[in-house]
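*Asks:* Input structure: upload21.pdb, which contains PDB, C-alpha atoms, pLDDT in the B column.
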MODEL        1
ATOM      1  CA  MET K   8       5.790 -29.234 -11.235  1.00 63.00           C
ATOM      2  CA  VAL K   9       6.684 -26.306  -8.979  1.00 63.00           C
ATOM      3  CA  GLN K  10       9.216 -23.915 -10.439  1.00 67.00           C
ATOM      4  CA  ARG K  11      11.625 -22.519  -7.875  1.00 70.00           C
ATOM      5  CA  VAL K  12      12.838 -18.965  -8.192  1.00 73.00           C
ATOM      6  CA  ARG K  13      16.516 -18.629  -7.486  1.00 74.00           C
ATOM      7  CA  LYS K  14      17.345 -15.963  -4.919  1.00 76.00           C
ATOM      8  CA  ASP K  15      20.731 -14.709  -6.016  1.00 83.00           C
ATOM      9  CA  ASP K  16      20.529 -10.954  -5.373  1.00 88.00           C
ATOM     10  CA  ILE K  17      21.740  -9.703  -2.012  1.00 90.00           C
ATOM     11  CA  ILE K  18      20.455  -6.657  -0.150  1.00 91.00           C
ATOM     12  CA  GLN K  19      22.556  -5.532   2.814  1.00 93.00           C
ATOM     13  CA  ILE K  20      21.427  -3.029   5.442  1.00 93.00           C
ATOM     14  CA  ARG K  21      23.224  -1.612   8.454  1.00 95.00           C
ATOM     15  CA  ALA K  22      20.945  -0.654  11.338  1.00 95.00           C
ATOM     16  CA  PRO K  23      21.241   0.279  15.013  1.00 97.00           C
ATOM     17  CA  ALA K  24      20.888  -2.636  17.453  1.00 97.00           C
ATOM     18  CA  GLU K  25      17.611  -1.197  18.773  1.00 97.00           C
ATOM     19  CA  THR K  26      16.098  -1.176  15.288  1.00 97.00           C
ATOM     20  CA  LYS K  27      17.225  -4.739  14.647  1.00 97.00           C
ATOM     21  CA  ALA K  28      15.694  -5.831  17.944  1.00 97.00           C
ATOM     22  CA  VAL K  29      12.334  -4.285  17.012  1.00 97.00           C
ATOM     23  CA  LEU K  30      12.448  -5.916  13.579  1.00 97.00           C
ATOM     24  CA  ASN K  31      13.362  -9.284  15.104  1.00 97.00           C
ATOM     25  CA  ARG K  32      10.462  -9.058  17.537  1.00 97.00           C
ATOM     26  CA  ALA K  33       7.997  -8.154  14.784  1.00 97.00           C
ATOM     27  CA  ALA K  34       9.290 -10.976  12.586  1.00 97.00           C
ATOM     28  CA  ALA K  35       8.924 -13.460  15.439  1.00 98.00           C
ATOM     29  CA  LEU K  36       5.354 -12.305  16.075  1.00 97.00           C
ATOM     30  CA  ARG K  37       4.554 -13.092  12.447  1.00 97.00           C
ATOM     31  CA  GLY K  38       6.402 -16.401  12.528  1.00 97.00           C
ATOM     32  CA  GLN K  39       8.943 -15.243   9.946  1.00 97.00           C
ATOM     33  CA  LYS K  40      12.692 -15.078   9.697  1.00 96.00           C
ATOM     34  CA  LEU K  41      14.072 -11.546   9.935  1.00 96.00           C
ATOM     35  CA  SER K  42      15.054 -11.496   6.267  1.00 95.00           C
ATOM     36  CA  GLU K  43      11.566 -12.671   5.179  1.00 95.00           C
ATOM     37  CA  PHE K  44       9.897 -10.052   7.347  1.00 97.00           C
ATOM     38  CA  MET K  45      12.117  -7.254   6.063  1.00 96.00           C
ATOM     39  CA  LEU K  46      11.716  -8.273   2.428  1.00 96.00           C
ATOM     40  CA  ASP K  47       7.911  -8.530   2.734  1.00 96.00           C
ATOM     41  CA  SER K  48       7.727  -5.173   4.531  1.00 97.00           C
ATOM     42  CA  ALA K  49      10.016  -3.425   2.057  1.00 97.00           C
ATOM     43  CA  ARG K  50       8.120  -4.853  -0.913  1.00 96.00           C
ATOM     44  CA  ARG K  51       4.767  -3.657   0.497  1.00 96.00           C
ATOM     45  CA  GLN K  52       6.214  -0.178   1.040  1.00 96.00           C
ATOM     46  CA  ALA K  53       7.677  -0.154  -2.473  1.00 96.00           C
ATOM     47  CA  GLU K  54       4.376  -1.205  -4.043  1.00 95.00           C
ATOM     48  CA  GLU K  55       2.541   1.457  -2.035  1.00 93.00           C
ATOM     49  CA  ALA K  56       5.020   4.112  -3.174  1.00 93.00           C
ATOM     50  CA  ILE K  57       4.595   3.076  -6.795  1.00 92.00           C
ATOM     51  CA  LEU K  58       0.787   3.020  -6.554  1.00 89.00           C
ATOM     52  CA  ASP K  59       0.792   6.401  -4.812  1.00 87.00           C
ATOM     53  CA  GLN K  60       2.282   8.232  -7.782  1.00 85.00           C
ATOM     54  CA  ARG K  61       0.678  11.591  -8.350  1.00 81.00           C
ATOM     55  CA  VAL K  62       1.605  11.844 -12.014  1.00 81.00           C
ATOM     56  CA  PHE K  63      -0.178   9.927 -14.724  1.00 80.00           C
ATOM     57  CA  PHE K  64      -0.520  10.403 -18.454  1.00 88.00           C
ATOM     58  CA  LEU K  65      -3.624  10.254 -20.614  1.00 93.00           C
ATOM     59  CA  ASP K  66      -4.235  10.570 -24.316  1.00 95.00           C
ATOM     60  CA  ASP K  67      -6.363  13.537 -25.458  1.00 96.00           C
ATOM     61  CA  LYS K  68      -9.662  11.640 -25.390  1.00 97.00           C
ATOM     62  CA  ALA K  69      -9.089  10.151 -21.925  1.00 96.00           C
ATOM     63  CA  HIS K  70      -7.893  13.540 -20.632  1.00 96.00           C
ATOM     64  CA  ALA K  71     -11.075  15.244 -21.844  1.00 96.00           C
ATOM     65  CA  ALA K  72     -13.221  12.530 -20.221  1.00 95.00           C
ATOM     66  CA  PHE K  73     -11.265  12.864 -16.982  1.00 94.00           C
ATOM     67  CA  LEU K  74     -11.743  16.643 -16.896  1.00 95.00           C
ATOM     68  CA  LYS K  75     -15.457  16.186 -17.594  1.00 95.00           C
ATOM     69  CA  MET K  76     -15.756  13.846 -14.589  1.00 93.00           C
ATOM     70  CA  LEU K  77     -13.887  16.317 -12.365  1.00 93.00           C
ATOM     71  CA  ASP K  78     -16.134  19.177 -13.465  1.00 95.00           C
ATOM     72  CA  ALA K  79     -19.348  17.220 -12.866  1.00 93.00           C
ATOM     73  CA  PRO K  80     -18.889  14.756 -10.001  1.00 88.00           C
ATOM     74  CA  PRO K  81     -21.862  12.504  -9.264  1.00 87.00           C
ATOM     75  CA  LYS K  82     -24.211  13.705  -6.553  1.00 89.00           C
ATOM     76  CA  PRO K  83     -24.089  11.646  -3.358  1.00 90.00           C
ATOM     77  CA  GLY K  84     -26.871   9.071  -3.281  1.00 93.00           C
ATOM     78  CA  LYS K  85     -29.123   8.179  -0.392  1.00 94.00           C
ATOM     79  CA  ALA K  86     -26.875   5.298   0.720  1.00 93.00           C
ATOM     80  CA  LEU K  87     -23.739   7.470   0.772  1.00 92.00           C
ATOM     81  CA  ARG K  88     -25.474  10.241   2.730  1.00 92.00           C
ATOM     82  CA  ALA K  89     -26.689   7.663   5.281  1.00 93.00           C
ATOM     83  CA  LEU K  90     -23.199   6.200   5.593  1.00 92.00           C
ATOM     84  CA  LEU K  91     -21.593   9.607   6.127  1.00 90.00           C
ATOM     85  CA  ALA K  92     -24.232  10.575   8.708  1.00 92.00           C
ATOM     86  CA  ARG K  93     -23.634   7.388  10.722  1.00 93.00           C
ATOM     87  CA  LYS K  94     -21.628   7.619  13.949  1.00 91.00           C
ATOM     88  CA  PRO K  95     -18.184   5.967  13.646  1.00 88.00           C
ATOM     89  CA  ALA K  96     -17.785   2.615  15.422  1.00 88.00           C
ATOM     90  CA  TRP K  97     -15.250   4.061  17.880  1.00 90.00           C
ATOM     91  CA  GLN K  98     -17.813   6.673  19.046  1.00 87.00           C
ATOM     92  CA  ARG K  99     -20.677   4.232  19.687  1.00 79.00           C
TER      93      ARG K  99
ENDMDL
END
Show the structure stored in the file as structure tokens.

*Replies:*
Amino acid sequence: MVQRVRKDDIIQIRAPAETKAVLNRAAALRGQKLSEFMLDSARRQAEEAILDQRVFFLDDKAHAAFLKMLDAPPKPGKALRALLARKPAWQR
């Protein structure tokens, strides 16, 4: 049995006609309704903003381990050095 989630919250946005036209075009290219496209896009941006937080909290033990890792980063291995020395695909 599939449980349906009721969509009862409303989000309203006023935008210039040019912006709406761009959003409509992008939604059409993805085969979505404008509201679906905007909701998906806004949710992705929101998740990115949340994941991009610069502040995090650690207990004393985790903080000490974190500082130890920062003070002694691992040395780059052979595979990493080879990867970094490789010419980027757009320059080949």

*Asks:* Suppose you want the space between atom CA of Met45 of chain K and atom CA of Asp16 of chain K; what is it in Å?

*Replies:*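 Separation between atom CA of Met45 of chain K and atom CA of Asp16 of chain K: 14.7 Å.
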
*Asks:* Quick one: residues within 12 Å of Phe44 of chain K, all atoms listed in the file, excluding same-chain residues fewer than 2 positions away - as a list in words?

*Replies:*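 What passes the distance filter is Lys27, Val29, Leu30, Asn31, Arg32, Ala33, Ala34, Ala35, Leu36, Arg37, Gly38, Gln39, Lys40, Leu41, Ser42, Leu46, Asp47, Ser48, Ala49, Arg50 and Arg51 of chain K.
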
*Asks:* Edge lengths and centre, in Å to one decimal, as lines of an AutoDock Vina configuration file: that's what I need for the box along x, y and z that holds all listed atoms of segment 8-23 of chain K plus 8 Å on each side.

*Replies:*
center_x = 14.5
center_y = -14.5
center_z = 1.9
size_x = 33.4
size_y = 45.5
size_z = 42.2

*Asks:* Would you pick out the contacts of segment 74-89 of chain K at 12 Å or less, using all atoms listed in the file, so that residues sharing its chain but fewer than 6 positions from it are not included, and give the list as a PyMOL selection string?

*Replies:* chain K and resi 65+67-68

*Asks:* Could you tell me how far atom CA of Glu54 of chain K lies from atom CA of Arg13 of chain K, in Å and to one decimal?

*Replies:* 21.5 Å

*Asks:* So how many Å separate atom CA of Lys14 of chain K and atom CA of Glu55 of chain K, to one decimal?

*Replies:*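 Distance reported for this atom pair: 23.0 Å.
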